[in-house]
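Engineer: Quick one: structure below, then a few questions.
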Amino acid sequence: MNTLIGKGEKRIDAYDKVTGKGMFASDFFSRAAKMPQMRLLTSPHAHAKILRLDVSRAENMPGVIKIITSKEPGVDWDQFPKPAYLAQDRVIWAGQVIALVLAETREIAEEAIGAIEIEYEVYPHVLNYDEAMEPNPKAVVDPEYETRAAGFSDRPGDRASDRKSPNVVGAFKLNTGDVDRALKESDIVIEHNYFTGKKTANPLETATAVCEYSPDGTLTMTSNGAGVHGVIKQTLCRVLGLKQSKLRCIQPYQGGSFGSRLNPFIEVLTALMASRAKCGVACSYTRKESFTTGPSNWPCYTTVKLGAKKDGTIIANDFTLGEEIGACINNSFFSGRLSSSGVAPCYRFPNTRMDTFAVATNTVPAAEYRGLGCPETEFGIECVINELADGLGISPVEIRLKNILDPGDLNIYGEPIRSTGLKKCLQSVADAIGVDEKPVQDMGVWKKGRGCAVGGKQNTPLGRAEAKVWFNCDGTIELFTSVDEMGMGATTTMAQICANEMGVRMEDVKLTNSDTAITPYDNYSASSRATYTAGNAVIIACDDLKRKLKEEVAREFGMHPSKVEIQGTTAILKGAALESVSIPSLFKGWTPFSQNNWGLKIGSPVEGVGIFCPAPVQMWDKDGRSPRIWNWFQYSAAAIEVAVNEETGQVQVLRVASSSDTGNPINPDIIRGQTIGGVHMAIGFALNEEHLYDENGMISNANLSDYRLPTILDMPLKENVHDFINPDSLPDGPYGAKGMAESVTVPVAPAIQEAIYQAVGVRINGYPMTAERVLAAIKEKKQKEAAR
Amino acid sequence: MRFEKYFVPETRQECFALLEQYGDKAKVLAGGTDVIQLLKSGALKPEAVIDIRKVEGISETKITDQGLALGAMVRLRELSLNEALATDYPVIMEAAGHVSSMQIRSMATIGGNVCNASPSADAVQGLILMNATAVIESAGGNREIPIAQFFTGPGKTVLKKGELLVGFTIPKPSARTGAFYEKFSIRGDTDITIVGAGASVTLAEDGTVSGAVVSLASVAPTPLRMDAVEKMLVGKKLTPELIDQAAQAASKSVAPITDQRASAGYRVEMVYVWTKSALTKALERAIA
């Protein structure tokens, strides 16, 4: 029975959040005002040697409790190399933490930071892809270059000897079909280089951690980090050598993440301080630190060369990608590979050659950010496809419909596509905006244009999710999960799945979430996996609970469990004298005069548990191919109308349509919020957001005044925003559902790029497409036309 | 944010005495929207903060037949919504209304916007366009100077030790005067101005320009009054061609910097676009 699935059920956190009563990490931080406060000494230079670091004067200031530097013994930095966590002899980006200062108040801690004596020898730095990629770059970012063990990253296509620069730290190559021949056979070939800006996720709440200390050494970490079990607890145990039993991690409501809180950086530093100072510690990044200490996204530099036949069939894809990862020096399994996954989801590309790699720079380390590099990667591909359509005189919709993968097709890796509704998504947005029609020009210097694009994003099949569910003696249900509620509504989705499985109302399910002492294991909610992975675990836990309830009820009536059916709080008995029974009525009170305290007892819930692990990936072959590298793909299409000011280069989004293939949606209202929010965010990617640097390599716009996040005024009026769901059921998803909130961001920027072209005739081969860049392109075009 | 003393004087004499006593070691606090930030970041470390909210006679707006008198403590939001100014001083209202968000305008003051001496200050532009005079007082006496000469650099003014900016006098504009200020930024008023361009035009009875003010924000270390451009206009009929020439001249004569908000080259181009627009709209108002 699916009575609740596909319904816009009210969010279970709605009252908490709209009344302001819900507790976020920052609320715990405010309450911790009287706890010792930790502040950070960070580097003002992008690359420098620390000649002298003397904390003695600061340590002796009244009110200062403890100062920790990288000399602190007893810390195992294997997973996150020490030079990136706490600068040792060298700082490798401006904003890197050098020392932790704990004091009775924040003011004292900040004064003590000013009293730390430090001298630098400033080194040359590399701030962008081009500088870092020089064969003999001005700076080699990794302080342990050539001395660090390769190990984990040593994999097909990744040989140090092949690397183009000492700052290349990972690589992936793929070869399928015959690209050179296909390019020769193409009727049209278009090639361009594309850049994308380096961004900060900027959740409303900055990284915040409050760590309590018990005299037996137990730490209780309350933070807004993602993954209480899989990320925070396991990292802290490993790095700080804590016993599993001596660490409890709790996640209240997260004030946003967008991937940025998957790195437990602040948790490690705060717990390290608490364990050494033997007292509670509270720490919260300033807005500036959330820009400069990190993390950022990873911007991509792509060279996209596509060849197509006259009818629009794309036969060749020669693709090069450099992922700029900042001062990330831990060459992991993922380096240089994740962004390139954006080539796979949407199109057939029968002949593809990919050469992708990661490049370190002296800038803030990059990490996961909504879409995992796919928006950056697919931008160039979508732009070239729009140009191909233009060159061939066919519609941008038609060329895509010709090349988009259908269910059952193999993608470039050789993986079968199990679920895609992308063609329908595209058609719905193109119709809503009228992409194939020309807008009426009636806004003076503001010229209108329309464009469309599509996007897809893989799901990384990592780890596992567990769920626990209780049937209480009064018939209420309690669900225990460790999904990350970073605002996207995952807890509501879990409760909705649980209520549906148990046949009860939403309000009869109470969810307890993300407390390692109470709730079961989950890696983390990333890669849009919560609905799929944790949702499946909830269904399995409910199955387990119903099986146990059947056994308990059958025992009461001397029946075989298979003759019992659970419908909400009622058990249907087949073939018994009694047709049905209220399950809560079977729970008995405790009696001191009886041995018979077995069975259903008041106060003792019946418990079901569920564990779900996605199937593992298979290692790719020498050509980079594998029948299973990713899990499933989510899809989105966008069509947009913009107005471009010919005199200033400003771009205004007038109308937008976005559609997602979400699999069968669990809660369409939550999806709507994710769709519109995702479009809004991606307008920021497309038009304004990027880090700028001063001469020291410090981010010069590390504040919300100069780093121009989109405001509500950057969004079109409500009647000009259209959102659609075009589901294609995922066979192994819960009720056929899959994740959706990352792909929404992918097609927005390329659709805007095309719309700008249609409006004023210039193509901006990168983003953000700032007013300055658009105006420069318009001027260049006018000069060329005048020269003719 | 640390300082030793916090004073809330209620009379000008008390205030002057404190300013005299602490000199450079005191910082005057009006609305606080700029000063609190500087105190928090540690950029300012004064010994004493002198809060002038309660000083008598500096929070009023007075309109007479001769003109307008504005107290330094008049809040920008109050100024931007004061309908009594709409007939003769609309540009004062509009420029004040372009400063940041409503929340900021509710706190920020006109005197504070001037004393903060940011080249991008929008409210200052309204004063420049209306030929305002700054009224400066101290224990030793009073002086008045034209507002455009008040600024000596970013964050720097002509105020000397012991002096307090108490307000502004603005002459009533002559007949056939129109003024307009254009704020150009990427995200509207909440953004800091990339280029601001203002124009005030007074027409003679024959329709030629008898007086003009052209002023720019965010293109120099101080707000910039464009004397040479003004001279181009006086005595002539303000045709679209002349407006274009004036805008080009303004654009050619500025040497802005590149910063995190815009490049120098872009600013130069925007001076042309927005000066043209400001002159066109000022002319429309002068004729109306």
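Going through the structure tokens in order, the chains are called A, B, and so on, while each chain numbers its residues from 1 and the ligands are numbered from 1 in the order shown.
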How close does chain B get to chain A? List, as a tab-separated table, each residue of chain B within 12 Å, its nearest atom pair and the distance in Å to one decimal, counting only C-alpha atoms.

Structural biologist:
```
residue	atom	partner	partner_atom	distance
B:Met1	CA	A:Glu107	CA	7.5
B:Arg2	CA	A:Glu107	CA	8.4
B:Lys40	CA	A:Glu107	CA	10.1
B:Ser41	CA	A:Glu110	CA	10.4
B:Gly42	CA	A:Glu111	CA	10.0
B:Ser100	CA	A:Ser705	CA	10.0
B:Ser101	CA	A:Ser705	CA	11.5
B:Phe184	CA	A:Thr648	CA	9.4
B:Ser185	CA	A:Gln650	CA	9.7
B:Ile186	CA	A:Gln650	CA	7.5
B:Arg187	CA	A:Arg708	CA	7.6
B:Gly188	CA	A:Leu713	CA	8.6
B:Asp189	CA	A:Leu713	CA	11.0
B:Thr190	CA	A:Ser705	CA	7.9
B:Asp191	CA	A:Ser705	CA	6.4
B:Ile192	CA	A:Ser705	CA	7.4
B:Thr193	CA	A:Asp706	CA	10.7
B:Ile194	CA	A:Asp706	CA	10.8
B:Val195	CA	A:Thr648	CA	11.4
B:Thr258	CA	A:Asp694	CA	10.8
B:Asp259	CA	A:Ser700	CA	8.4
B:Gln260	CA	A:Asn701	CA	5.9
B:Arg261	CA	A:Asp706	CA	6.3
B:Ala262	CA	A:Glu772	CA	7.7
B:Ser263	CA	A:Glu772	CA	8.1
B:Ala264	CA	A:Glu772	CA	10.7
B:Gly265	CA	A:Glu772	CA	9.2
B:Tyr266	CA	A:Glu772	CA	6.4
B:Arg267	CA	A:Glu772	CA	9.5
B:Val268	CA	A:Thr648	CA	11.4
B:Glu269	CA	A:Thr648	CA	8.3
B:Met270	CA	A:Thr648	CA	6.9
B:Val271	CA	A:Thr648	CA	10.5
B:Tyr272	CA	A:Glu647	CA	9.7
B:Val273	CA	A:Glu647	CA	6.9
B:Trp274	CA	A:Thr648	CA	9.5
B:Lys276	CA	A:Glu647	CA	11.4
B:Ser277	CA	A:Glu647	CA	11.2
```

Engineer: Could you dump the residues just selected with N, CA and C atoms as a compact mmCIF listing (two decimals), in the first residue's frame?

Structural biologist:
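Saved to result-v2.txt:
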```
# COMPACT_ATOMS: atom_id res chain seq x y z
N MET B 1 36.36 43.64 20.17
CA MET B 1 36.01 45.07 20.27
C MET B 1 36.27 45.55 21.69
N ARG B 2 37.31 46.31 21.84
CA ARG B 2 37.66 46.78 23.19
C ARG B 2 38.02 48.24 23.20
N LYS B 40 35.08 46.14 15.59
CA LYS B 40 35.06 44.68 15.70
C LYS B 40 36.28 44.05 15.04
N SER B 41 36.62 44.55 13.86
CA SER B 41 37.74 43.95 13.13
C SER B 41 39.08 44.35 13.71
N GLY B 42 39.07 45.33 14.62
CA GLY B 42 40.33 45.77 15.21
C GLY B 42 41.02 46.83 14.37
N SER B 100 22.78 50.85 0.87
CA SER B 100 22.64 49.52 1.46
C SER B 100 21.18 49.09 1.66
N SER B 101 20.93 48.35 2.74
CA SER B 101 19.62 47.77 2.97
C SER B 101 18.80 48.65 3.92
N PHE B 184 25.28 52.53 -9.70
CA PHE B 184 25.45 51.30 -10.46
C PHE B 184 26.14 50.25 -9.60
N SER B 185 25.45 49.13 -9.42
CA SER B 185 26.03 48.01 -8.69
C SER B 185 25.40 46.76 -9.27
N ILE B 186 25.91 45.61 -8.89
CA ILE B 186 25.43 44.38 -9.51
C ILE B 186 24.15 43.88 -8.83
N ARG B 187 24.08 43.98 -7.53
CA ARG B 187 22.91 43.44 -6.84
C ARG B 187 22.05 44.53 -6.20
N GLY B 188 21.89 45.64 -6.88
CA GLY B 188 21.03 46.68 -6.35
C GLY B 188 21.64 47.41 -5.17
N ASP B 189 20.80 48.00 -4.34
CA ASP B 189 21.29 48.88 -3.28
C ASP B 189 22.09 48.16 -2.20
N THR B 190 21.84 46.85 -2.00
CA THR B 190 22.59 46.17 -0.95
C THR B 190 24.07 46.02 -1.32
N ASP B 191 24.39 46.16 -2.59
CA ASP B 191 25.77 46.08 -3.05
C ASP B 191 26.44 47.44 -2.90
N ILE B 192 27.76 47.41 -2.73
CA ILE B 192 28.49 48.68 -2.70
C ILE B 192 28.66 49.18 -4.14
N THR B 193 28.52 50.49 -4.30
CA THR B 193 28.51 51.11 -5.62
C THR B 193 29.81 50.86 -6.39
N ILE B 194 29.66 50.38 -7.63
CA ILE B 194 30.82 50.21 -8.52
C ILE B 194 31.17 51.57 -9.13
N VAL B 195 30.15 52.23 -9.62
CA VAL B 195 30.28 53.61 -10.09
C VAL B 195 28.98 54.33 -9.74
N THR B 258 41.40 49.15 -9.72
CA THR B 258 40.79 47.83 -9.81
C THR B 258 40.68 47.30 -8.39
N ASP B 259 39.51 46.82 -8.02
CA ASP B 259 39.39 46.17 -6.72
C ASP B 259 38.46 44.97 -6.87
N GLN B 260 38.05 44.39 -5.72
CA GLN B 260 37.26 43.17 -5.78
C GLN B 260 35.87 43.39 -6.36
N ARG B 261 35.49 44.65 -6.51
CA ARG B 261 34.14 44.91 -7.03
C ARG B 261 34.11 45.14 -8.54
N ALA B 262 35.18 45.67 -9.09
CA ALA B 262 35.24 45.90 -10.54
C ALA B 262 36.65 46.28 -10.95
N SER B 263 36.92 46.11 -12.23
CA SER B 263 38.24 46.52 -12.73
C SER B 263 38.20 48.01 -13.06
N ALA B 264 39.40 48.58 -13.16
CA ALA B 264 39.50 50.00 -13.49
C ALA B 264 38.86 50.28 -14.85
N GLY B 265 39.16 49.42 -15.82
CA GLY B 265 38.66 49.62 -17.18
C GLY B 265 37.14 49.62 -17.23
N TYR B 266 36.55 48.69 -16.49
CA TYR B 266 35.09 48.61 -16.47
C TYR B 266 34.50 49.86 -15.83
N ARG B 267 35.15 50.33 -14.77
CA ARG B 267 34.65 51.54 -14.11
C ARG B 267 34.66 52.73 -15.08
N VAL B 268 35.75 52.83 -15.85
CA VAL B 268 35.86 53.94 -16.81
C VAL B 268 34.69 53.88 -17.79
N GLU B 269 34.39 52.68 -18.29
CA GLU B 269 33.28 52.55 -19.24
C GLU B 269 31.95 52.88 -18.58
N MET B 270 31.81 52.47 -17.33
CA MET B 270 30.54 52.72 -16.64
C MET B 270 30.35 54.19 -16.31
N VAL B 271 31.45 54.93 -16.15
CA VAL B 271 31.32 56.38 -15.92
C VAL B 271 30.62 57.00 -17.13
N TYR B 272 31.01 56.57 -18.31
CA TYR B 272 30.36 57.09 -19.53
C TYR B 272 28.87 56.77 -19.52
N VAL B 273 28.56 55.48 -19.32
CA VAL B 273 27.16 55.04 -19.40
C VAL B 273 26.28 55.78 -18.39
N TRP B 274 26.78 55.90 -17.17
CA TRP B 274 25.90 56.42 -16.11
C TRP B 274 25.91 57.93 -16.01
N LYS B 276 26.02 59.79 -18.67
CA LYS B 276 25.07 60.10 -19.74
C LYS B 276 23.64 59.98 -19.22
N SER B 277 23.42 58.89 -18.52
CA SER B 277 22.08 58.65 -18.00
C SER B 277 21.68 59.70 -16.97
```

Engineer: Residues within 8 Å of segment 226-242 of chain B, please, as a VMD selection string. Count only C-alpha atoms; anything in the same chain fewer than 6 positions from it doesn't count.

Structural biologist: chain B and resid 207 to 216 249 to 250 280 283

Engineer: Need to verify the contact set: segment 161-174 of chain A, 6 Å, only C-alpha atoms, exclusion of same-chain residues closer than 3 positions in sequence. Can you return it as a list in words?

Structural biologist: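 In the requested format, the answer is Met133, Pro135, Val140, Gly157, Asp158, Asn331, Ser335, Gly336, Arg337, Arg353, Met354, Asp355, Thr356, Phe357, Ala358, Val359, Ala360, Asp623 and Gly624 of chain A.
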
Engineer: So which one's closest to Val99 of chain B, B:Lys183, B:Ile170, B:Thr61, B:Ala117? Using only C-alpha atoms, please.

Structural biologist: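 Residue with the minimum atom-to-atom distance to Val99 of chain B: B:Lys183.
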
Engineer: So that I can check the surroundings of Lys17 of chain A, please list as an mmCIF file with N, CA and C atoms, in the first residue's frame every protein, DNA and RNA residue that reaches within 12 Å of it, counting only C-alpha atoms and ignoring chain neighbours fewer than 5 positions away.

Structural biologist:
```
data_model
loop_
_atom_site.group_PDB
_atom_site.id
_atom_site.type_symbol
_atom_site.label_atom_id
_atom_site.label_comp_id
_atom_site.auth_asym_id
_atom_site.auth_seq_id
_atom_site.Cartn_x
_atom_site.Cartn_y
_atom_site.Cartn_z
ATOM 1 N N ARG A 11 6.587 18.903 6.137
ATOM 2 C CA ARG A 11 7.887 18.524 6.696
ATOM 3 C C ARG A 11 7.800 18.348 8.209
ATOM 4 N N ILE A 12 8.485 17.309 8.705
ATOM 5 C CA ILE A 12 8.422 17.048 10.140
ATOM 6 C C ILE A 12 9.184 18.104 10.955
ATOM 7 N N GLY A 22 13.691 25.255 16.670
ATOM 8 C CA GLY A 22 14.598 24.152 16.334
ATOM 9 C C GLY A 22 16.023 24.500 16.718
ATOM 10 N N MET A 23 16.760 23.509 17.202
ATOM 11 C CA MET A 23 18.121 23.774 17.656
ATOM 12 C C MET A 23 19.119 23.466 16.536
ATOM 13 N N PHE A 24 19.827 24.491 16.143
ATOM 14 C CA PHE A 24 20.905 24.347 15.168
ATOM 15 C C PHE A 24 22.238 24.332 15.917
ATOM 16 N N TYR A 253 20.070 20.234 13.875
ATOM 17 C CA TYR A 253 19.804 20.689 12.515
ATOM 18 C C TYR A 253 21.061 21.355 11.978
ATOM 19 N N GLN A 254 21.411 21.016 10.742
ATOM 20 C CA GLN A 254 22.542 21.687 10.110
ATOM 21 C C GLN A 254 22.019 22.929 9.415
ATOM 22 N N GLY A 255 22.713 24.027 9.583
ATOM 23 C CA GLY A 255 22.324 25.236 8.868
ATOM 24 C C GLY A 255 22.893 25.260 7.474
ATOM 25 N N GLY A 487 18.883 20.534 5.626
ATOM 26 C CA GLY A 487 17.866 21.450 5.127
ATOM 27 C C GLY A 487 17.064 20.872 3.986
ATOM 28 N N GLY A 489 15.381 18.104 3.702
ATOM 29 C CA GLY A 489 14.134 17.397 3.997
ATOM 30 C C GLY A 489 14.283 15.897 4.085
#
```

Engineer: If you measure from atom CA of Thr169 of chain B to atom CA of Ala132 of chain B, what distance in Å do you get, rounded to one decimal?

Structural biologist: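 Going from atom CA of Thr169 of chain B over to atom CA of Ala132 of chain B, I get 5.6 Å.
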
Engineer: So that each row is one residue of segment 603-686 of chain A with an atom at most 9 Å from segment 436-450 of chain A, can you give its shortest atom pair and the distance in Å to one decimal, using only C-alpha atoms, rows by chain and rising number, as JSON lines?

Structural biologist:
```
{"residue": "A:Ala639", "atom": "CA", "partner": "A:Arg450", "partner_atom": "CA", "distance": 7.3}
{"residue": "A:Ile640", "atom": "CA", "partner": "A:Arg450", "partner_atom": "CA", "distance": 5.6}
{"residue": "A:Glu641", "atom": "CA", "partner": "A:Arg450", "partner_atom": "CA", "distance": 4.3}
{"residue": "A:Val642", "atom": "CA", "partner": "A:Lys448", "partner_atom": "CA", "distance": 5.6}
{"residue": "A:Ala643", "atom": "CA", "partner": "A:Lys448", "partner_atom": "CA", "distance": 4.3}
{"residue": "A:Val644", "atom": "CA", "partner": "A:Trp446", "partner_atom": "CA", "distance": 5.1}
{"residue": "A:Asn645", "atom": "CA", "partner": "A:Trp446", "partner_atom": "CA", "distance": 4.3}
{"residue": "A:Glu646", "atom": "CA", "partner": "A:Val445", "partner_atom": "CA", "distance": 5.6}
{"residue": "A:Glu647", "atom": "CA", "partner": "A:Val445", "partner_atom": "CA", "distance": 6.9}
{"residue": "A:Gln650", "atom": "CA", "partner": "A:Trp446", "partner_atom": "CA", "distance": 8.8}
{"residue": "A:Val651", "atom": "CA", "partner": "A:Trp446", "partner_atom": "CA", "distance": 8.7}
{"residue": "A:Gln652", "atom": "CA", "partner": "A:Trp446", "partner_atom": "CA", "distance": 8.9}
{"residue": "A:Leu654", "atom": "CA", "partner": "A:Lys448", "partner_atom": "CA", "distance": 8.7}
```

Engineer: Could you tell me, as a short mmCIF file (atom, residue, chain, number, x, y, z; two decimals) with N, CA and C atoms, in the first residue's frame, which residues of segment 229-440 of chain A DSSP assigns to strand (DSSP E or B) when given the backbone?

Structural biologist:
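Result file follows (states11.cif):
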```
data_model
loop_
_atom_site.label_atom_id
_atom_site.label_comp_id
_atom_site.auth_asym_id
_atom_site.auth_seq_id
_atom_site.Cartn_x
_atom_site.Cartn_y
_atom_site.Cartn_z
N LEU A 247 33.72 8.52 22.45
CA LEU A 247 33.37 9.67 21.61
C LEU A 247 31.92 9.54 21.17
N ARG A 248 31.16 10.58 21.43
CA ARG A 248 29.78 10.63 20.98
C ARG A 248 29.63 11.85 20.08
N CYS A 249 29.05 11.64 18.91
CA CYS A 249 28.89 12.75 17.98
C CYS A 249 27.41 12.99 17.72
N ILE A 250 27.01 14.24 17.84
CA ILE A 250 25.61 14.61 17.70
C ILE A 250 25.50 15.70 16.65
N TYR A 253 20.07 20.23 13.88
CA TYR A 253 19.80 20.69 12.52
C TYR A 253 21.06 21.36 11.98
N VAL A 281 35.21 22.84 24.68
CA VAL A 281 35.74 23.81 23.73
C VAL A 281 34.64 24.15 22.71
N ALA A 282 34.47 25.44 22.46
CA ALA A 282 33.52 25.87 21.43
C ALA A 282 34.25 26.65 20.35
N CYS A 283 33.91 26.37 19.10
CA CYS A 283 34.58 27.06 18.00
C CYS A 283 33.60 27.23 16.84
N SER A 284 33.62 28.38 16.22
CA SER A 284 32.78 28.61 15.06
C SER A 284 33.54 29.50 14.09
N SER A 296 36.52 25.00 -0.61
CA SER A 296 35.83 25.57 -1.77
C SER A 296 35.30 24.41 -2.61
N CYS A 300 36.87 23.79 -12.68
CA CYS A 300 37.40 22.95 -13.74
C CYS A 300 37.80 23.78 -14.95
N TYR A 301 38.85 23.33 -15.58
CA TYR A 301 39.30 23.90 -16.85
C TYR A 301 39.17 22.79 -17.86
N THR A 302 38.30 22.97 -18.86
CA THR A 302 38.06 21.89 -19.80
C THR A 302 38.39 22.34 -21.21
N THR A 303 38.82 21.37 -22.01
CA THR A 303 38.89 21.56 -23.46
C THR A 303 37.92 20.55 -24.04
N VAL A 304 36.90 21.05 -24.70
CA VAL A 304 35.85 20.18 -25.23
C VAL A 304 35.89 20.24 -26.74
N LYS A 305 36.02 19.07 -27.36
CA LYS A 305 36.03 18.99 -28.83
C LYS A 305 35.02 17.93 -29.22
N LEU A 306 33.94 18.36 -29.86
CA LEU A 306 32.90 17.42 -30.27
C LEU A 306 32.77 17.44 -31.78
N GLY A 307 32.56 16.27 -32.35
CA GLY A 307 32.31 16.15 -33.80
C GLY A 307 30.95 15.52 -34.03
N ALA A 308 30.21 16.07 -35.03
CA ALA A 308 28.86 15.54 -35.29
C ALA A 308 28.63 15.38 -36.78
N ILE A 314 26.10 13.10 -32.62
CA ILE A 314 27.47 13.39 -32.15
C ILE A 314 28.25 12.08 -32.14
N ILE A 315 29.36 12.06 -32.89
CA ILE A 315 30.10 10.80 -32.98
C ILE A 315 31.47 10.87 -32.29
N ALA A 316 31.97 12.06 -32.00
CA ALA A 316 33.30 12.14 -31.39
C ALA A 316 33.32 13.09 -30.21
N ASN A 317 34.00 12.68 -29.15
CA ASN A 317 34.19 13.54 -27.97
C ASN A 317 35.63 13.42 -27.50
N ASP A 318 36.39 14.46 -27.72
CA ASP A 318 37.78 14.49 -27.26
C ASP A 318 37.82 15.50 -26.12
N PHE A 319 38.04 15.02 -24.91
CA PHE A 319 37.75 15.83 -23.71
C PHE A 319 38.95 15.86 -22.77
N THR A 320 39.36 17.06 -22.42
CA THR A 320 40.46 17.22 -21.46
C THR A 320 39.97 18.06 -20.29
N LEU A 321 40.35 17.66 -19.08
CA LEU A 321 39.85 18.37 -17.90
C LEU A 321 40.92 18.49 -16.83
N GLY A 322 41.09 19.69 -16.32
CA GLY A 322 41.95 19.89 -15.15
C GLY A 322 41.09 20.37 -14.00
N GLU A 323 41.14 19.63 -12.92
CA GLU A 323 40.34 19.94 -11.74
C GLU A 323 41.26 20.71 -10.80
N GLU A 324 40.96 21.98 -10.54
CA GLU A 324 41.84 22.77 -9.67
C GLU A 324 41.41 22.51 -8.23
N ILE A 325 42.29 21.86 -7.45
CA ILE A 325 41.86 21.38 -6.14
C ILE A 325 42.47 22.16 -4.98
N GLY A 326 43.10 23.28 -5.30
CA GLY A 326 43.67 24.08 -4.22
C GLY A 326 44.79 23.32 -3.52
N TYR A 347 24.81 11.63 -22.59
CA TYR A 347 24.84 11.37 -24.03
C TYR A 347 25.56 10.07 -24.38
N ASN A 351 32.38 7.50 -29.46
CA ASN A 351 33.85 7.54 -29.49
C ASN A 351 34.30 8.64 -28.55
N THR A 352 34.91 8.25 -27.46
CA THR A 352 35.29 9.25 -26.44
C THR A 352 36.72 9.02 -25.97
N ARG A 353 37.44 10.13 -25.85
CA ARG A 353 38.78 10.07 -25.24
C ARG A 353 38.78 11.12 -24.15
N MET A 354 39.10 10.68 -22.92
CA MET A 354 39.14 11.61 -21.79
C MET A 354 40.51 11.60 -21.17
N ASP A 355 41.04 12.78 -20.92
CA ASP A 355 42.29 12.90 -20.19
C ASP A 355 42.00 13.89 -19.07
N THR A 356 41.89 13.40 -17.86
CA THR A 356 41.50 14.29 -16.77
C THR A 356 42.47 14.15 -15.60
N PHE A 357 42.68 15.25 -14.92
CA PHE A 357 43.66 15.25 -13.83
C PHE A 357 43.32 16.33 -12.83
N ALA A 358 43.93 16.24 -11.66
CA ALA A 358 43.73 17.26 -10.63
C ALA A 358 45.01 18.07 -10.48
N VAL A 359 44.85 19.33 -10.19
CA VAL A 359 45.99 20.25 -10.11
C VAL A 359 45.94 21.01 -8.80
N ALA A 360 47.03 20.93 -8.04
CA ALA A 360 47.08 21.65 -6.76
C ALA A 360 47.54 23.09 -6.98
N ALA A 366 40.00 22.36 -2.07
CA ALA A 366 38.68 22.11 -2.65
C ALA A 366 38.08 20.86 -2.03
N ILE A 404 20.71 11.88 -26.55
CA ILE A 404 20.54 11.52 -25.14
C ILE A 404 20.37 10.01 -25.00
N LEU A 410 24.31 1.86 -23.21
CA LEU A 410 25.56 1.89 -22.46
C LEU A 410 26.17 3.28 -22.56
N PRO A 416 25.32 0.20 -18.17
CA PRO A 416 23.96 0.35 -18.68
C PRO A 416 23.21 1.43 -17.90
#
```

Engineer: For each of B:Val91, B:Ile36, B:Ala86, B:Leu29, take the minimum atom-to-atom distance to Ile52 of chain B, counting only C-alpha atoms, then give the residue where this is smallest.

Structural biologist: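 Selected residue with least distance to Ile52 of chain B: B:Leu29.
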
Engineer: I need the residues of segment 90-219 of chain B that end up classed as helix (DSSP H, G or I) by DSSP on the backbone, written out as a ChimeraX atom specification.

Structural biologist: /B:90-97,102-107,110-115,122-129,147-149,188-190

Engineer: Distance atom CA of Leu127 of chain B-atom CA of Arg12 of chain B, one decimal place?

Structural biologist: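 Taking atom CA of Leu127 of chain B as the start and atom CA of Arg12 of chain B as the end point, the length is 23.6 Å.
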
Engineer: Quick one, how far is atom CA of Ala109 of chain A from atom CA of Ala271 of chain A?

Structural biologist: 17.1 Å

Engineer: Of the candidates B:Gly111, B:Pro119, B:Gly178, B:Gly153, which one gets nearest to Leu165 of chain B if we count only C-alpha atoms?

Structural biologist: B:Gly111

Engineer: Using only C-alpha atoms, which residues sit within 10 Å of segment 63-65 of chain B once same-chain residues fewer than 4 positions away are excluded, as a short mmCIF file (atom, residue, chain, number, x, y, z; two decimals) with N, CA and C atoms, in the first residue's frame?

Structural biologist:
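Just written: result.cif:
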```cif
data_model
loop_
_atom_site.label_atom_id
_atom_site.label_comp_id
_atom_site.auth_asym_id
_atom_site.auth_seq_id
_atom_site.Cartn_x
_atom_site.Cartn_y
_atom_site.Cartn_z
N ALA B 69 18.16 72.63 6.27
CA ALA B 69 19.22 72.37 7.26
C ALA B 69 19.05 70.94 7.76
N LEU B 70 20.12 70.18 7.62
CA LEU B 70 20.08 68.76 8.03
C LEU B 70 21.02 68.55 9.18
N ALA B 84 8.48 65.73 2.66
CA ALA B 84 8.60 67.20 2.61
C ALA B 84 9.75 67.64 1.72
N LEU B 85 10.67 66.71 1.45
CA LEU B 85 11.83 67.05 0.61
C LEU B 85 11.57 66.78 -0.87
N THR B 169 23.97 72.72 5.53
CA THR B 169 22.97 73.64 5.01
C THR B 169 22.95 73.50 3.50
N ILE B 170 21.75 73.50 2.97
CA ILE B 170 21.59 73.28 1.53
C ILE B 170 20.71 74.40 0.99
N PRO B 171 21.24 75.20 0.06
CA PRO B 171 20.42 76.30 -0.47
C PRO B 171 19.25 75.77 -1.29
N LYS B 172 18.17 76.51 -1.24
CA LYS B 172 17.02 76.11 -2.04
C LYS B 172 17.39 76.24 -3.52
#
```
